[in-house]
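Just below is one structure, and these are the notes that go with it.
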Amino acid sequence: MPTIQSVAGELEPHPDVALVARVREGDVAAYDTLVRKYERQIFRISQHITQNREDAEDVMQDAFLKAYEKLDQFQGNSKFYTWLVRIAVNESLMRLRKRRTGKMVSIDEDIETEEGSVPRDLADWAPDPEQNYGQAELAEILRKTIQGLPQGFRIVFVLRDVEGLSTEETAETLGLSIPAVKSRLLRARLQLRERLSRYFNRKKGSGEMRSEK
Amino acid sequence: MTCTEFLAMLDDLIDDSVNPELRTELQAHLSGCEHCVVTLNTTRKTIEIYRSHEIYDLPTGLRDRLHAAIMSRCKKGC
């Protein structure tokens, strides 16, 4: 019988542990359950990194296939989800490198930008500012805004704030130090806030998008 | 506490990882600084908006294609 080592706060096994065990025993339906559980997150992450729908579709497919084939290598030291995210991030970066041959694609290079580190737009936002826009228009604003962030900031924000990984998991997934994740997260949040302010400010809260010339 | 010092702790405040002592200091700064109140609230809102809106829809048929691909591997491997 295997020894059970209890780790503080992790006494309950994660529900994925049982699913992974079933897949290892040859139960493909259990893998379908895992796919359904995480397909949206994996697609979103791939899309945020590659910024290309076709690439994101391929990455999602490749990531789930790779995870399926390499399931025996999954140690269970981390969560299945975090392990899967790491595969998807690596696949996405590989896809980017292929597309931009000769151009370095890296998430660990230092990003030199002062933009957004000091808040400039200090006007308050309208209450529930997103309600001034239709769903499609809002989605377009959010896409455009996050696409403008430097790659290394965008990935950290997406993993940490959108997909709910912890700082430690984000650092491990991206091969960054914890202080680097923290510093990027702060700058990503502030830059996004600054950029969204032009749409959501109370004083411009008429719901019209500003036309910039 | 200056605005720069407040800003350096902004993430910890948002992520609720400050000790009670520091929280009191941060709150004291907020009570006298409207700019930092706006920065805090709008940064929180930024995160909430990105968390609650799906900006990339999953393409239809992708799940079926993936399922078929997995099944074809499975036939070979299991």
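Letters for chains follow the order of the structure tokens (A, B, ...), residue numbers begin at 1 for each chain, and ligand numbers begin at 1 in the order shown.
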Long-range neighbours of region 149-158 of chain A as an MDAnalysis selection string, 10 Å cut-off, only C-alpha atoms, 3 positions minimum in chain:
(chainID A and resid 41 44:46 48:50 89 105:113 144:146 161:165 167 170:171 173:174 176 180:189 191:192 195) or (chainID B and resid 47 50:51)
Spatial neighbours of Cys36 (chain B), 8 Å, only C-alpha atoms, chain gap at least 6 places, as a ChimeraX atom specification:
/B:3,6-7,30
At most 8 Å is the cut-off: for each residue in chain A with any atom that close to an atom of chain B, write down the nearest atom pair and the distance in Å rounded to one decimal, counting only C-alpha atoms, chain first then increasing number, as JSON lines.
{"residue": "A:Gly26", "atom": "CA", "partner": "B:Cys78", "partner_atom": "CA", "distance": 6.3}
{"residue": "A:Val28", "atom": "CA", "partner": "B:Cys74", "partner_atom": "CA", "distance": 7.5}
{"residue": "A:Asp32", "atom": "CA", "partner": "B:His67", "partner_atom": "CA", "distance": 7.2}
{"residue": "A:Arg36", "atom": "CA", "partner": "B:Arg63", "partner_atom": "CA", "distance": 7.9}
{"residue": "A:Glu39", "atom": "CA", "partner": "B:Arg63", "partner_atom": "CA", "distance": 7.9}
{"residue": "A:Arg40", "atom": "CA", "partner": "B:Leu58", "partner_atom": "CA", "distance": 6.3}
{"residue": "A:Phe43", "atom": "CA", "partner": "B:Leu58", "partner_atom": "CA", "distance": 6.8}
{"residue": "A:Arg44", "atom": "CA", "partner": "B:Tyr56", "partner_atom": "CA", "distance": 6.2}
{"residue": "A:Gln47", "atom": "CA", "partner": "B:Tyr56", "partner_atom": "CA", "distance": 7.5}
{"residue": "A:Glu57", "atom": "CA", "partner": "B:Leu62", "partner_atom": "CA", "distance": 7.3}
{"residue": "A:Gln61", "atom": "CA", "partner": "B:Leu66", "partner_atom": "CA", "distance": 5.8}
{"residue": "A:Phe64", "atom": "CA", "partner": "B:Leu66", "partner_atom": "CA", "distance": 8.0}
{"residue": "A:Leu65", "atom": "CA", "partner": "B:Ile70", "partner_atom": "CA", "distance": 6.4}
{"residue": "A:Tyr68", "atom": "CA", "partner": "B:Ile70", "partner_atom": "CA", "distance": 7.8}
{"residue": "A:Pro119", "atom": "CA", "partner": "B:Thr39", "partner_atom": "CA", "distance": 7.2}
{"residue": "A:Leu122", "atom": "CA", "partner": "B:His35", "partner_atom": "CA", "distance": 5.9}
{"residue": "A:Ala123", "atom": "CA", "partner": "B:Val38", "partner_atom": "CA", "distance": 7.1}
{"residue": "A:Asp124", "atom": "CA", "partner": "B:Val38", "partner_atom": "CA", "distance": 5.6}
{"residue": "A:Trp125", "atom": "CA", "partner": "B:Thr42", "partner_atom": "CA", "distance": 6.8}
{"residue": "A:Glu130", "atom": "CA", "partner": "B:Ile49", "partner_atom": "CA", "distance": 7.9}
{"residue": "A:Ala139", "atom": "CA", "partner": "B:Ile55", "partner_atom": "CA", "distance": 5.2}
{"residue": "A:Glu140", "atom": "CA", "partner": "B:Ile55", "partner_atom": "CA", "distance": 7.6}
{"residue": "A:Leu142", "atom": "CA", "partner": "B:Ile55", "partner_atom": "CA", "distance": 7.1}
{"residue": "A:Arg143", "atom": "CA", "partner": "B:Ile55", "partner_atom": "CA", "distance": 6.4}
{"residue": "A:Asp161", "atom": "CA", "partner": "B:Ile47", "partner_atom": "CA", "distance": 6.5}
{"residue": "A:Val162", "atom": "CA", "partner": "B:Arg51", "partner_atom": "CA", "distance": 4.9}
{"residue": "A:Glu163", "atom": "CA", "partner": "B:Arg51", "partner_atom": "CA", "distance": 7.9}
{"residue": "A:Leu185", "atom": "CA", "partner": "B:Asp11", "partner_atom": "CA", "distance": 8.0}
{"residue": "A:Leu186", "atom": "CA", "partner": "B:Asp11", "partner_atom": "CA", "distance": 6.1}
{"residue": "A:Arg189", "atom": "CA", "partner": "B:Thr43", "partner_atom": "CA", "distance": 6.5}
{"residue": "A:Leu190", "atom": "CA", "partner": "B:Thr43", "partner_atom": "CA", "distance": 6.7}
{"residue": "A:Leu192", "atom": "CA", "partner": "B:Thr46", "partner_atom": "CA", "distance": 7.0}
{"residue": "A:Arg193", "atom": "CA", "partner": "B:Thr43", "partner_atom": "CA", "distance": 5.5}
{"residue": "A:Leu196", "atom": "CA", "partner": "B:Thr46", "partner_atom": "CA", "distance": 7.6}
Could you tell me, as a ChimeraX atom specification, which residues of region 29-196 of chain A DSSP assigns to alpha helix (DSSP H) when given the backbone?
/A:29-50,53-69,80-99,135-147,151-157,167-174,178-196
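The protein and nucleic acid residues lying at most 12 Å from Lys70 (chain A) are Val20, Val23, Arg24, Asp62, Ala63, Phe64, Leu65, Lys66, Ala67, Gln73, Phe74, Gln75, Phe80, Trp83, Leu84 and Ile87 of chain A; Gly77 of chain B, with only C-alpha atoms considered and sequence neighbours fewer than 3 positions away removed.
Interatomic distance, CA of Leu22 (chain B) against CA of Met1 (chain B): 10.6 Å.
The two atoms in question, CA of Tyr199 (chain A) and CA of Asp121 (chain A), are spaced 11.4 Å apart.
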